[in-house]
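Structure below is protein_24.cif: mmCIF, C-alpha atoms, pLDDT in the B column; chains and numbers go by the auth columns.
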```
data_data
#
loop_
_atom_site.group_PDB
_atom_site.id
_atom_site.type_symbol
_atom_site.label_atom_id
_atom_site.label_comp_id
_atom_site.label_asym_id
_atom_site.label_seq_id
_atom_site.Cartn_x
_atom_site.Cartn_y
_atom_site.Cartn_z
_atom_site.B_iso_or_equiv
_atom_site.auth_seq_id
_atom_site.auth_asym_id
ATOM 1 C CA MET A 1 -6.720 28.416 5.570 50.00 21 A
ATOM 2 C CA PRO A 2 -3.369 26.571 5.876 60.00 22 A
ATOM 3 C CA GLU A 3 -1.114 26.361 2.838 67.00 23 A
ATOM 4 C CA LEU A 4 -0.743 23.046 1.080 71.00 24 A
ATOM 5 C CA SER A 5 2.714 21.628 0.758 81.00 25 A
ATOM 6 C CA PRO A 6 4.018 21.025 -2.780 83.00 26 A
ATOM 7 C CA LYS A 7 3.523 17.301 -2.206 89.00 27 A
ATOM 8 C CA THR A 8 -0.219 17.531 -1.505 90.00 28 A
ATOM 9 C CA GLN A 9 -3.210 18.259 -3.681 92.00 29 A
ATOM 10 C CA ARG A 10 -6.559 19.609 -2.589 92.00 30 A
ATOM 11 C CA ILE A 11 -9.450 17.770 -4.242 93.00 31 A
ATOM 12 C CA THR A 12 -13.211 17.774 -4.287 95.00 32 A
ATOM 13 C CA ALA A 13 -14.848 14.386 -4.500 95.00 33 A
ATOM 14 C CA ASN A 14 -18.351 13.020 -4.145 97.00 34 A
ATOM 15 C CA ILE A 15 -18.089 10.020 -1.823 96.00 35 A
ATOM 16 C CA PRO A 16 -21.020 8.033 -0.435 98.00 36 A
ATOM 17 C CA LYS A 17 -21.521 9.165 3.182 97.00 37 A
ATOM 18 C CA ASP A 18 -22.066 5.657 4.522 98.00 38 A
ATOM 19 C CA LEU A 19 -18.903 4.349 2.840 98.00 39 A
ATOM 20 C CA LEU A 20 -16.789 7.170 4.256 98.00 40 A
ATOM 21 C CA ARG A 21 -18.361 6.808 7.705 98.00 41 A
ATOM 22 C CA ASP A 22 -17.713 3.050 7.747 98.00 42 A
ATOM 23 C CA ALA A 23 -14.118 3.540 6.558 98.00 43 A
ATOM 24 C CA GLN A 24 -13.515 6.124 9.287 98.00 44 A
ATOM 25 C CA LYS A 25 -14.852 3.685 11.880 98.00 45 A
ATOM 26 C CA VAL A 26 -12.283 1.162 10.689 97.00 46 A
ATOM 27 C CA THR A 27 -9.339 3.576 10.618 97.00 47 A
ATOM 28 C CA ARG A 28 -10.482 5.599 13.653 97.00 48 A
ATOM 29 C CA ARG A 29 -9.102 8.641 11.872 97.00 49 A
ATOM 30 C CA GLY A 30 -10.296 11.743 10.043 96.00 50 A
ATOM 31 C CA ILE A 31 -11.362 12.033 6.432 96.00 51 A
ATOM 32 C CA THR A 32 -7.949 12.887 4.967 95.00 52 A
ATOM 33 C CA GLU A 33 -6.115 10.172 6.911 96.00 53 A
ATOM 34 C CA THR A 34 -8.765 7.600 5.958 97.00 54 A
ATOM 35 C CA LEU A 35 -8.571 8.473 2.267 96.00 55 A
ATOM 36 C CA VAL A 36 -4.760 8.425 2.284 95.00 56 A
ATOM 37 C CA GLU A 37 -4.762 4.995 3.940 97.00 57 A
ATOM 38 C CA GLY A 38 -7.211 3.719 1.334 97.00 58 A
ATOM 39 C CA LEU A 39 -5.021 5.017 -1.491 97.00 59 A
ATOM 40 C CA HIS A 40 -1.957 3.339 0.039 97.00 60 A
ATOM 41 C CA LEU A 41 -3.891 0.065 0.223 97.00 61 A
ATOM 42 C CA LEU A 42 -4.808 0.352 -3.463 97.00 62 A
ATOM 43 C CA LYS A 43 -1.171 0.966 -4.353 97.00 63 A
ATOM 44 C CA ARG A 44 -0.022 -2.067 -2.343 97.00 64 A
ATOM 45 C CA ARG A 45 -2.773 -4.195 -3.877 96.00 65 A
ATOM 46 C CA ARG A 46 -1.576 -3.306 -7.364 96.00 66 A
ATOM 47 C CA ALA A 47 2.003 -4.268 -6.475 95.00 67 A
ATOM 48 C CA TYR A 48 0.735 -7.552 -4.998 95.00 68 A
ATOM 49 C CA ASP A 49 -1.309 -8.302 -8.125 95.00 69 A
ATOM 50 C CA LYS A 50 1.734 -7.656 -10.324 94.00 70 A
ATOM 51 C CA ALA A 51 3.874 -9.956 -8.182 92.00 71 A
ATOM 52 C CA MET A 52 1.240 -12.704 -8.239 93.00 72 A
ATOM 53 C CA ALA A 53 1.066 -12.434 -12.038 93.00 73 A
ATOM 54 C CA LEU A 54 4.725 -13.522 -12.053 90.00 74 A
ATOM 55 C CA LYS A 55 4.038 -16.592 -9.908 87.00 75 A
ATOM 56 C CA GLY A 56 5.494 -19.637 -11.605 86.00 76 A
ATOM 57 C CA LYS A 57 7.207 -17.560 -14.289 87.00 77 A
ATOM 58 C CA LEU A 58 10.479 -16.880 -12.507 81.00 78 A
ATOM 59 C CA ARG A 59 13.135 -19.509 -11.922 84.00 79 A
ATOM 60 C CA LEU A 60 15.357 -18.646 -8.995 81.00 80 A
ATOM 61 C CA GLN A 61 18.359 -20.619 -7.842 85.00 81 A
ATOM 62 C CA VAL A 62 19.296 -19.693 -4.307 85.00 82 A
ATOM 63 C CA ASP A 63 22.187 -21.160 -2.358 85.00 83 A
ATOM 64 C CA ILE A 64 20.763 -20.953 1.159 84.00 84 A
ATOM 65 C CA GLU A 65 24.097 -21.438 2.913 82.00 85 A
ATOM 66 C CA LYS A 66 25.790 -18.786 0.823 81.00 86 A
ATOM 67 C CA SER A 67 22.904 -16.365 1.266 82.00 87 A
ATOM 68 C CA ARG A 68 23.210 -16.766 5.015 83.00 88 A
ATOM 69 C CA GLU A 69 26.980 -16.209 4.728 74.00 89 A
ATOM 70 C CA ARG A 70 27.780 -19.443 6.511 64.00 90 A
ATOM 71 C CA ASN A 71 31.060 -21.227 6.104 61.00 91 A
ATOM 72 C CA PRO A 72 30.841 -25.024 6.177 58.00 92 A
ATOM 73 C CA GLY A 73 32.922 -26.691 8.872 54.00 93 A
#
```
Could I get this file's structure written as structure tokens?
Amino acid sequence: MPELSPKTQRITANIPKDLLRDAQKVTRRGITETLVEGLHLLKRRRAYDKAMALKGKLRLQVDIEKSRERNPG
């Protein structure tokens, strides 16, 4: 059995067979790769939800010309 790197964790989980099968059809990858992709999607979703919670609460003043480093004239 191959050794796990310090950045991985072996787990045992009970996952509905049909859900895993359908997810693997979508990713076209193995079990580990499919689960990792799903976890990354959850992480991104959480970041998106946090950002959307700030919608309308931040007031930004951006000077477009200055941000593009353009000199007038």
The distance between CA of Asp38 (chain A) and CA of Thr52 (chain A) is 15.9 Å
Identify which of the residues A:Met72, A:Ala43, A:Val82, A:Ile31 lies closest to Glu57 (chain A), counting all atoms listed in the file when measuring atom-to-atom distances. A:Ala43
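Residues of protein, DNA or RNA having at least one counted atom within 12 Å of (-15.5, 3.7, 7.6), given all atoms listed in the file, are Ile35, Pro36, Lys37, Asp38, Leu39, Leu40, Arg41, Asp42, Ala43, Gln44, Lys45, Val46, Thr47, Arg48, Arg49, Gly50, Ile51, Glu53, Thr54, Leu55, Glu57 and Gly58 of chain A.
Separating CA of His60 (chain A) from CA of Leu80 (chain A) is a distance of 29.4 Å.
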Work out how far CA of Lys63 (chain A) is from CA of Gly76 (chain A), in Å to one decimal. 22.8 Å
With 4 Å on each side, where is the centre of the axis-aligned box around all listed atoms of region 46-55 of chain A, and how long are its edges in Å to one decimal, as JSON?
```
{"center_x": -9.2, "center_y": 7.0, "center_z": 8.0, "size_x": 14.2, "size_y": 19.7, "size_z": 19.4}
```
Mind completing region 50-84 of chain A with N, CA and C atoms? Output as a compact mmCIF listing (two decimals), in the frame of the given file, please?
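Result file is out.txt:
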```
# COMPACT_ATOMS: atom_id res chain seq x y z
N GLY A 50 -9.52 10.75 10.78
CA GLY A 50 -10.30 11.74 10.04
C GLY A 50 -10.42 11.39 8.57
N ILE A 51 -11.09 12.27 7.85
CA ILE A 51 -11.36 12.03 6.43
C ILE A 51 -10.07 11.92 5.63
N THR A 52 -9.18 12.89 5.76
CA THR A 52 -7.95 12.89 4.97
C THR A 52 -7.12 11.64 5.26
N GLU A 53 -6.93 11.34 6.54
CA GLU A 53 -6.12 10.17 6.91
C GLU A 53 -6.73 8.88 6.39
N THR A 54 -8.06 8.80 6.44
CA THR A 54 -8.76 7.60 5.96
C THR A 54 -8.59 7.45 4.45
N LEU A 55 -8.73 8.55 3.72
CA LEU A 55 -8.57 8.47 2.27
C LEU A 55 -7.14 8.14 1.88
N VAL A 56 -6.16 8.72 2.57
CA VAL A 56 -4.76 8.43 2.28
C VAL A 56 -4.47 6.95 2.54
N GLU A 57 -4.98 6.41 3.65
CA GLU A 57 -4.76 5.00 3.94
C GLU A 57 -5.38 4.11 2.86
N GLY A 58 -6.57 4.48 2.40
CA GLY A 58 -7.21 3.72 1.33
C GLY A 58 -6.40 3.75 0.04
N LEU A 59 -5.84 4.91 -0.28
CA LEU A 59 -5.02 5.02 -1.49
C LEU A 59 -3.74 4.19 -1.37
N HIS A 60 -3.15 4.17 -0.17
CA HIS A 60 -1.96 3.34 0.04
C HIS A 60 -2.31 1.86 -0.13
N LEU A 61 -3.46 1.46 0.37
CA LEU A 61 -3.89 0.06 0.22
C LEU A 61 -4.09 -0.30 -1.24
N LEU A 62 -4.65 0.61 -2.03
CA LEU A 62 -4.81 0.35 -3.46
C LEU A 62 -3.46 0.20 -4.15
N LYS A 63 -2.52 1.03 -3.77
CA LYS A 63 -1.17 0.97 -4.35
C LYS A 63 -0.50 -0.37 -4.02
N ARG A 64 -0.61 -0.77 -2.76
CA ARG A 64 -0.02 -2.07 -2.34
C ARG A 64 -0.70 -3.22 -3.03
N ARG A 65 -2.02 -3.13 -3.21
CA ARG A 65 -2.77 -4.20 -3.88
C ARG A 65 -2.30 -4.37 -5.32
N ARG A 66 -2.06 -3.25 -5.98
CA ARG A 66 -1.58 -3.31 -7.36
C ARG A 66 -0.21 -3.98 -7.44
N ALA A 67 0.68 -3.64 -6.51
CA ALA A 67 2.00 -4.27 -6.48
C ALA A 67 1.87 -5.76 -6.20
N TYR A 68 0.97 -6.14 -5.30
CA TYR A 68 0.74 -7.55 -5.00
C TYR A 68 0.21 -8.28 -6.24
N ASP A 69 -0.75 -7.68 -6.92
CA ASP A 69 -1.31 -8.30 -8.12
C ASP A 69 -0.24 -8.51 -9.20
N LYS A 70 0.65 -7.52 -9.35
CA LYS A 70 1.73 -7.66 -10.32
C LYS A 70 2.68 -8.80 -9.93
N ALA A 71 2.99 -8.89 -8.65
CA ALA A 71 3.87 -9.96 -8.18
C ALA A 71 3.22 -11.31 -8.37
N MET A 72 1.94 -11.42 -8.09
CA MET A 72 1.24 -12.70 -8.24
C MET A 72 1.14 -13.11 -9.71
N ALA A 73 1.11 -12.13 -10.61
CA ALA A 73 1.07 -12.43 -12.04
C ALA A 73 2.36 -13.11 -12.48
N LEU A 74 3.43 -12.90 -11.73
CA LEU A 74 4.72 -13.52 -12.05
C LEU A 74 4.87 -14.91 -11.45
N LYS A 75 3.94 -15.30 -10.59
CA LYS A 75 4.04 -16.59 -9.91
C LYS A 75 4.19 -17.73 -10.92
N GLY A 76 5.23 -18.51 -10.72
CA GLY A 76 5.49 -19.64 -11.60
C GLY A 76 6.25 -19.27 -12.87
N LYS A 77 6.53 -18.00 -13.07
CA LYS A 77 7.21 -17.56 -14.29
C LYS A 77 8.69 -17.27 -14.07
N LEU A 78 9.08 -17.17 -12.82
CA LEU A 78 10.48 -16.88 -12.51
C LEU A 78 11.15 -18.14 -11.98
N ARG A 79 12.37 -18.37 -12.43
CA ARG A 79 13.14 -19.51 -11.92
C ARG A 79 14.32 -18.95 -11.15
N LEU A 80 14.29 -19.15 -9.86
CA LEU A 80 15.36 -18.65 -8.99
C LEU A 80 16.17 -19.81 -8.46
N GLN A 81 17.47 -19.64 -8.45
CA GLN A 81 18.36 -20.62 -7.84
C GLN A 81 19.07 -19.92 -6.70
N VAL A 82 18.74 -20.34 -5.48
CA VAL A 82 19.30 -19.69 -4.31
C VAL A 82 20.11 -20.71 -3.52
N ASP A 83 21.34 -20.35 -3.22
CA ASP A 83 22.19 -21.16 -2.36
C ASP A 83 21.95 -20.64 -0.93
N ILE A 84 21.16 -21.39 -0.17
CA ILE A 84 20.76 -20.95 1.16
C ILE A 84 21.97 -20.69 2.05
```
